[in-house]
Amino acid sequence: MQKQLLAALTLALGISVAQEATIYRTFAEVRQPVTLPAGSWTWEPSQVVLRSLIAGTLELGGVEELSRLVQVLPQTSPLSAYRGAKVQFYWEGQWREATVVDPDRPIFEYEGRYLTTLPGLIAYPDPAGLRPTPAARVTFSYRGSGPASLSYLSRGLTWKLYYTLEGANLTGWAALENNLGQVLEFKRVELVAGSVPVLEGGFDQPVPPAQALESRAAALEKAGAEFVGEAGGTYRYRLPGALTLQPGQTELPFLQAGVQPTYTWRWQSGFTSAPEIRFERGYRFAAPENLAGGLVSVRDQDVFVGQAFLPETAKGGLVALWLGPDPEGRAERRIEVLAQNRFRVSTTVKNSKQYGLEVELSESFPQPFTLEISGAERTPEGYRVRFTLAPGASRVLTYTVTLPR
């Protein structure tokens with residue numbers, strides 16, 4: 001009996017338990033199989049499904065469409081099912097009965113008096129008025145019949161990605177957001193990472209706020225999502241097995257990989273005569289897989305040290321997470337004036353920490369300029385140099401630059 005009720009409910013909501021979803025960052029493409037009769041078929045989505053539907057994206061595949069008629073239905077009060085019937089209300093410690101005279105205004109008759117509201121809790125004689133009603137009626141006319149598919153884009157399903165970098169371990173969790181207000185069952189789910197613009201909005205009314213619910217899903221058959229390929233500048237990942245999404249947020253394991261992060265000091269600036277420069281701190285590592293973008297929480301020696309955003313990065317690409325200044329990240333600069341527009345600059349970097357680190361300096365100069373430097377990469381704007389420092393070690397970088405008068 002429960003299975004029959006669930007089937008009836010999902011049918012009324014326009015949702016199929018055999019459906020599939022491709023979930024993007026801010027929307028999802030939902031595909032559900034349907035068996036079509038000859039000539040025409042009607043789809044009746046619920047109010048929340050209709051509100052989140054992105055206009056212009058509804059498609060009926062497998063047949064040749066001739067036309068479609070979209071009728072937005074007025075939302076009726078649950079009392080409409082009880083016109084002329086009695087309902088109960090709890091007031092002053094006991095249940096009482098009133099008759100529904102007009103469910104639309106509404107008007108109730110109680111002991112010969114007519115009321116526009118009933119105090120306390122209201123109890124209905126049966127669930128007829130509590131069943132979900134469709135918000136629209138979409139009638140498709142087509143040539144053909146048999147197995148087909150209904151697909152559309154919805155803003156009611158989204159996902160985010162959260163990483164934790166702790167030592168040599170990079171762990172990712174995908175947070176899937178179900179704002180459709182109902183349990184959704186999918187035969188297959190794919191997640192898409194990358195920039196995918198959608199210009200057309202939904203219908204007039206906004207999606208109602210989701211319930212404050214967050215859950216960790218039960219252990220999957222295998223940890224993480226499977227990378228299934230690149231398409232048009234996006235990465236696609238498939239979650240293992242079927243998936244049930246409760247209303248609210250469900251978190252699923254996405255990635256677990258080993259990395260070799262390097263603590264890094266970075267300084268980027270134009271030419272300066274300041275006696276001291278200060279570094280920005282961060283971590284660098286090579287992407288172990290094709291990584292989807294997400295927020296990374298960084299922990300070092302069991303201490304939370306900050307968060308940074310990781311953009312989509314190809315396997316082997318450099319990931320750099322910058323976390324702000326390091327109070328020990330300083331370097332002395334000594335500037336010797338050789339002429340009015342010619343300078344010799346020495347920068348001394350010392351690692352005062354008890355562990356090794358990487359240092360990157362990048363400096364630019366006004367055009368045109370002449371630079372004399374060794375041990376650094378020349379760039380059209382100036383130079384860039386990167387080196388490692390053992391604990392307690394130091395290095396001096398010296399160059400001579402001639403600037404425009």
# chains A, B, ... in the order shown; residues from 1 in each chain; ligands from 1
call {"tool": "residues_around", "arguments": {"residues": "Val259 (chain A)", "least_positions_apart": "3", "cutoff": "9 Å", "atoms": "only C-alpha atoms", "output": "list in words"}}
result
Leu165, Gly167, Ala168, Asn169, Leu170, Phe285, Ala286, Ala287 and Pro288 of chain A
call {"tool": "write_last_selection", "arguments": {"atoms": "N, CA and C atoms", "output": "compact mmCIF listing (two decimals), in the first residue's frame"}}
result
# COMPACT_ATOMS: atom_id res chain seq x y z
N LEU A 165 42.36 20.08 2.78
CA LEU A 165 43.77 19.75 2.57
C LEU A 165 44.41 19.64 3.94
N GLY A 167 47.81 17.97 5.56
CA GLY A 167 49.05 17.26 5.28
C GLY A 167 49.10 16.88 3.81
N ALA A 168 49.30 15.58 3.54
CA ALA A 168 49.39 15.11 2.16
C ALA A 168 48.06 14.57 1.65
N ASN A 169 46.97 14.79 2.38
CA ASN A 169 45.67 14.24 2.00
C ASN A 169 44.73 15.35 1.52
N LEU A 170 44.19 15.16 0.33
CA LEU A 170 43.17 16.06 -0.21
C LEU A 170 41.86 15.29 -0.28
N PHE A 285 50.51 22.66 -4.92
CA PHE A 285 50.67 21.23 -5.21
C PHE A 285 50.15 20.96 -6.60
N ALA A 286 50.57 19.83 -7.17
CA ALA A 286 50.10 19.41 -8.49
C ALA A 286 48.77 18.69 -8.33
N ALA A 287 47.83 19.00 -9.21
CA ALA A 287 46.51 18.37 -9.14
C ALA A 287 46.63 16.87 -9.40
N PRO A 288 46.18 16.02 -8.46
CA PRO A 288 46.31 14.57 -8.65
C PRO A 288 45.34 14.02 -9.68
call {"tool": "closest_residue", "arguments": {"among": "A:Gly144, A:Gly84, A:Pro391, A:Pro325", "to": "Gln354 (chain A)", "atoms": "only C-alpha atoms"}}
result
A:Pro391
call {"tool": "select_by_dssp", "arguments": {"residues": "region 140-359 of chain A", "states": "strand (DSSP E)", "output": "PyMOL selection string"}}
result
chain A and resi 140-143+146-154+157-166+169-178+184-186+188-193+214-216+226-231+234-238+243-245+248-258+262-270+276-286+294-300+303-310+318-339+342-350+357-359
call {"tool": "residues_around", "arguments": {"residues": "region 59-73 of chain A", "least_positions_apart": "4", "cutoff": "9 Å", "atoms": "only C-alpha atoms", "output": "list in words"}}
result
Leu36, Pro134, Ala135, Ala136, Arg137, Val138, Thr139, Phe140, Ser141, Tyr142, Arg143, Gly144, Ser145, Gly146, Pro147, Ala148, Ser149, Leu150, Ser151 and Tyr152 of chain A
call {"tool": "residues_around", "arguments": {"residues": "region 268-279 of chain A", "least_positions_apart": "5", "cutoff": "10 Å", "atoms": "only C-alpha atoms", "output": "mmCIF file with C-alpha atoms, in the first residue's frame"}}
result
data_model
loop_
_atom_site.group_PDB
_atom_site.id
_atom_site.type_symbol
_atom_site.label_atom_id
_atom_site.label_comp_id
_atom_site.auth_asym_id
_atom_site.auth_seq_id
_atom_site.Cartn_x
_atom_site.Cartn_y
_atom_site.Cartn_z
ATOM 1 C CA GLY A 324 46.974 36.014 3.413
ATOM 2 C CA PRO A 325 50.084 37.433 5.107
ATOM 3 C CA ASP A 326 52.613 35.531 7.212
ATOM 4 C CA PRO A 327 53.951 37.646 10.124
ATOM 5 C CA GLU A 328 57.374 36.024 9.639
ATOM 6 C CA GLY A 329 57.281 36.421 5.874
ATOM 7 C CA ARG A 330 59.553 39.435 5.463
ATOM 8 C CA ALA A 331 62.625 40.266 3.410
ATOM 9 C CA GLU A 332 65.120 43.130 3.674
ATOM 10 C CA ARG A 333 65.872 45.311 0.634
ATOM 11 C CA ARG A 334 68.930 47.433 0.183
ATOM 12 C CA ILE A 335 68.893 49.960 -2.653
ATOM 13 C CA GLU A 336 72.060 51.606 -3.915
ATOM 14 C CA PHE A 343 69.803 51.307 -9.071
ATOM 15 C CA VAL A 345 68.890 46.318 -5.430
ATOM 16 C CA THR A 347 66.815 41.461 -1.456
ATOM 17 C CA THR A 348 67.680 39.131 1.440
ATOM 18 C CA VAL A 349 65.170 36.396 2.246
ATOM 19 C CA VAL A 359 59.790 31.533 -2.146
ATOM 20 C CA GLU A 360 58.495 33.323 -5.229
ATOM 21 C CA LEU A 361 59.297 36.930 -6.109
ATOM 22 C CA SER A 362 57.851 38.745 -9.098
ATOM 23 C CA GLU A 363 58.633 42.404 -9.778
ATOM 24 C CA SER A 364 57.704 44.728 -12.628
ATOM 25 C CA PHE A 365 59.241 48.013 -13.793
ATOM 26 C CA PRO A 366 58.076 51.082 -15.732
ATOM 27 C CA GLU A 381 57.368 43.313 -17.239
ATOM 28 C CA GLY A 382 60.459 42.519 -15.157
ATOM 29 C CA ARG A 384 60.264 36.197 -11.689
ATOM 30 C CA VAL A 401 67.947 48.186 -13.193
ATOM 31 C CA LEU A 403 64.548 53.053 -15.393
#
call {"tool": "atom_distance", "arguments": {"atom1": "CA of Asp300 (chain A)", "atom2": "CA of Thr313 (chain A)"}}
result
22.4 Å
call {"tool": "residues_around", "arguments": {"residues": "Ala314 (chain A)", "least_positions_apart": "2", "cutoff": "7 Å", "atoms": "only C-alpha atoms", "output": "compact mmCIF listing (two decimals) with N, CA and C atoms, in the first residue's frame"}}
result
# COMPACT_ATOMS: atom_id res chain seq x y z
N ALA A 287 47.83 19.00 -9.21
CA ALA A 287 46.51 18.37 -9.14
C ALA A 287 46.63 16.87 -9.40
N GLU A 289 44.24 14.73 -9.91
CA GLU A 289 43.22 14.34 -10.88
C GLU A 289 42.68 15.61 -11.53
N ASN A 290 41.76 15.44 -12.48
CA ASN A 290 41.05 16.61 -13.00
C ASN A 290 40.11 17.09 -11.90
N LEU A 291 40.45 18.21 -11.29
CA LEU A 291 39.76 18.67 -10.10
C LEU A 291 38.64 19.66 -10.44
N GLU A 312 38.66 25.06 -11.31
CA GLU A 312 38.80 23.83 -12.07
C GLU A 312 40.25 23.71 -12.57
N GLY A 316 47.65 17.30 -13.12
CA GLY A 316 49.03 17.74 -13.25
C GLY A 316 49.21 19.24 -13.21
N GLY A 317 48.11 20.00 -13.30
CA GLY A 317 48.20 21.45 -13.23
C GLY A 317 48.54 21.93 -11.83
call {"tool": "closest_residue", "arguments": {"among": "A:Gly120, A:Gly392, A:Ala376, A:Tyr114", "to": "Glu92 (chain A)", "atoms": "only C-alpha atoms"}}
result
A:Gly120
call {"tool": "closest_residue", "arguments": {"among": "A:Leu397, A:Val189, A:Leu252, A:Ala21", "to": "Ser154 (chain A)", "atoms": "only C-alpha atoms"}}
result
A:Ala21
call {"tool": "atom_distance", "arguments": {"atom1": "CA of Gly306 (chain A)", "atom2": "CA of Gly294 (chain A)"}}
result
14.0 Å
call {"tool": "atom_distance", "arguments": {"atom1": "CA of Gln88 (chain A)", "atom2": "CA of Ile122 (chain A)"}}
result
5.7 Å
call {"tool": "decode", "arguments": {"residues": "region 184-325 of chain A", "atoms": "C-alpha atoms", "output": "CSV table (one decimal), in the first residue's frame"}}
result
chain,number,residue,atom,x,y,z
A,184,LEU,CA,13.9,12.6,-5.2
A,185,GLU,CA,15.1,9.2,-6.5
A,186,PHE,CA,17.5,9.0,-9.4
A,187,LYS,CA,18.8,6.0,-11.3
A,188,ARG,CA,22.0,7.9,-12.3
A,189,VAL,CA,23.5,11.3,-11.3
A,190,GLU,CA,26.3,13.1,-13.0
A,191,LEU,CA,27.9,16.3,-11.6
A,192,VAL,CA,29.3,18.9,-14.0
A,193,ALA,CA,32.1,21.4,-13.0
A,194,GLY,CA,32.9,24.5,-15.1
A,195,SER,CA,31.3,27.7,-16.3
A,196,VAL,CA,27.9,26.9,-17.8
A,197,PRO,CA,25.9,30.2,-18.3
A,198,VAL,CA,22.1,30.1,-18.3
A,199,LEU,CA,20.5,33.3,-19.5
A,200,GLU,CA,16.8,32.4,-19.3
A,201,GLY,CA,15.2,32.7,-15.9
A,202,GLY,CA,12.4,30.7,-14.4
A,203,PHE,CA,8.7,31.5,-13.8
A,204,ASP,CA,7.6,34.6,-11.9
A,205,GLN,CA,7.5,33.2,-8.4
A,206,PRO,CA,10.8,32.4,-6.6
A,207,VAL,CA,11.7,28.9,-5.3
A,208,PRO,CA,10.5,28.6,-1.7
A,209,PRO,CA,13.4,28.2,0.8
A,210,ALA,CA,14.5,24.7,1.5
A,211,GLN,CA,14.1,23.0,4.9
A,212,ALA,CA,17.1,23.5,7.2
A,213,LEU,CA,18.3,19.9,6.7
A,214,GLU,CA,21.8,18.6,6.2
A,215,SER,CA,22.8,15.0,6.1
A,216,ARG,CA,25.7,12.8,5.3
A,217,ALA,CA,24.6,10.0,2.9
A,218,ALA,CA,25.2,6.3,3.8
A,219,ALA,CA,28.5,4.8,2.6
A,220,LEU,CA,28.5,4.3,-1.1
A,221,GLU,CA,29.7,1.1,-2.8
A,222,LYS,CA,32.9,2.9,-3.7
A,223,ALA,CA,34.2,6.2,-2.3
A,224,GLY,CA,34.1,9.2,-4.5
A,225,ALA,CA,32.9,10.2,-7.9
A,226,GLU,CA,34.2,8.8,-11.2
A,227,PHE,CA,35.6,11.2,-13.7
A,228,VAL,CA,33.8,10.4,-17.0
A,229,GLY,CA,35.3,13.0,-19.3
A,230,GLU,CA,35.5,16.6,-20.5
A,231,ALA,CA,32.9,18.2,-22.8
A,232,GLY,CA,33.0,21.8,-24.1
A,233,GLY,CA,35.3,23.1,-21.3
A,234,THR,CA,33.5,21.3,-18.5
A,235,TYR,CA,34.4,18.3,-16.3
A,236,ARG,CA,31.8,15.5,-15.8
A,237,TYR,CA,31.7,13.1,-12.8
A,238,ARG,CA,29.4,10.2,-12.2
A,239,LEU,CA,28.2,9.2,-8.7
A,240,PRO,CA,28.1,5.5,-8.1
A,241,GLY,CA,24.8,3.7,-8.1
A,242,ALA,CA,21.3,5.0,-7.6
A,243,LEU,CA,20.8,8.0,-5.4
A,244,THR,CA,18.0,9.3,-3.1
A,245,LEU,CA,18.1,13.0,-2.3
A,246,GLN,CA,16.1,14.2,0.8
A,247,PRO,CA,14.9,17.8,0.8
A,248,GLY,CA,17.8,20.1,1.9
A,249,GLN,CA,21.5,19.3,1.6
A,250,THR,CA,23.0,15.8,1.2
A,251,GLU,CA,26.8,15.4,1.3
A,252,LEU,CA,28.6,12.6,-0.6
A,253,PRO,CA,32.2,11.6,-0.8
A,254,PHE,CA,33.7,13.0,-4.0
A,255,LEU,CA,37.5,12.6,-3.9
A,256,GLN,CA,40.3,11.2,-1.8
A,257,ALA,CA,43.8,11.6,-3.1
A,258,GLY,CA,47.4,12.1,-2.0
A,259,VAL,CA,49.2,15.4,-2.8
A,260,GLN,CA,52.6,17.0,-1.9
A,261,PRO,CA,51.8,20.5,-0.8
A,262,THR,CA,54.6,23.0,-0.4
A,263,TYR,CA,54.4,25.9,1.9
A,264,THR,CA,55.1,29.1,-0.1
A,265,TRP,CA,55.9,32.7,0.4
A,266,ARG,CA,54.9,34.9,-2.6
A,267,TRP,CA,55.6,38.6,-3.3
A,268,GLN,CA,54.3,40.4,-6.4
A,269,SER,CA,54.7,44.1,-6.9
A,270,GLY,CA,56.0,46.9,-9.0
A,271,PHE,CA,59.4,48.4,-8.3
A,272,THR,CA,59.6,49.8,-4.8
A,273,SER,CA,62.3,51.5,-2.8
A,274,ALA,CA,60.8,50.3,0.6
A,275,PRO,CA,63.4,48.8,2.9
A,276,GLU,CA,61.3,45.8,3.6
A,277,ILE,CA,58.8,43.6,1.6
A,278,ARG,CA,56.2,41.3,3.0
A,279,PHE,CA,55.1,37.9,1.6
A,280,GLU,CA,51.8,36.3,1.2
A,281,ARG,CA,51.6,32.7,2.4
A,282,GLY,CA,50.0,29.8,0.7
A,283,TYR,CA,50.3,26.2,-0.4
A,284,ARG,CA,51.1,24.7,-3.9
A,285,PHE,CA,50.7,21.2,-5.2
A,286,ALA,CA,50.1,19.4,-8.5
A,287,ALA,CA,46.5,18.4,-9.1
A,288,PRO,CA,46.3,14.6,-8.7
A,289,GLU,CA,43.2,14.3,-10.9
A,290,ASN,CA,41.0,16.6,-13.0
A,291,LEU,CA,39.8,18.7,-10.1
A,292,ALA,CA,36.4,20.4,-10.0
A,293,GLY,CA,36.4,23.8,-8.4
A,294,GLY,CA,35.5,24.2,-4.8
A,295,LEU,CA,36.3,25.8,-1.4
A,296,VAL,CA,39.4,24.3,0.3
A,297,SER,CA,39.8,24.3,4.1
A,298,VAL,CA,43.5,24.0,4.8
A,299,ARG,CA,44.9,22.4,8.0
A,300,ASP,CA,48.6,22.2,8.9
A,301,GLN,CA,50.0,20.3,11.9
A,302,ASP,CA,46.4,19.8,13.1
A,303,VAL,CA,45.7,23.6,13.0
A,304,PHE,CA,43.1,25.2,10.7
A,305,VAL,CA,45.1,27.9,8.8
A,306,GLY,CA,42.5,29.3,6.4
A,307,GLN,CA,40.3,28.7,3.3
A,308,ALA,CA,40.8,29.5,-0.4
A,309,PHE,CA,39.0,28.7,-3.6
A,310,LEU,CA,40.4,26.1,-5.9
A,311,PRO,CA,39.3,26.7,-9.6
A,312,GLU,CA,38.8,23.8,-12.1
A,313,THR,CA,42.3,22.4,-12.6
A,314,ALA,CA,43.5,19.8,-15.1
A,315,LYS,CA,45.4,16.7,-13.9
A,316,GLY,CA,49.0,17.7,-13.3
A,317,GLY,CA,48.2,21.5,-13.2
A,318,LEU,CA,49.5,23.7,-10.5
A,319,VAL,CA,47.1,24.4,-7.6
A,320,ALA,CA,47.9,27.5,-5.5
A,321,LEU,CA,45.9,28.3,-2.4
A,322,TRP,CA,46.7,31.8,-1.0
A,323,LEU,CA,45.8,32.5,2.6
A,324,GLY,CA,47.0,36.0,3.4
A,325,PRO,CA,50.1,37.4,5.1
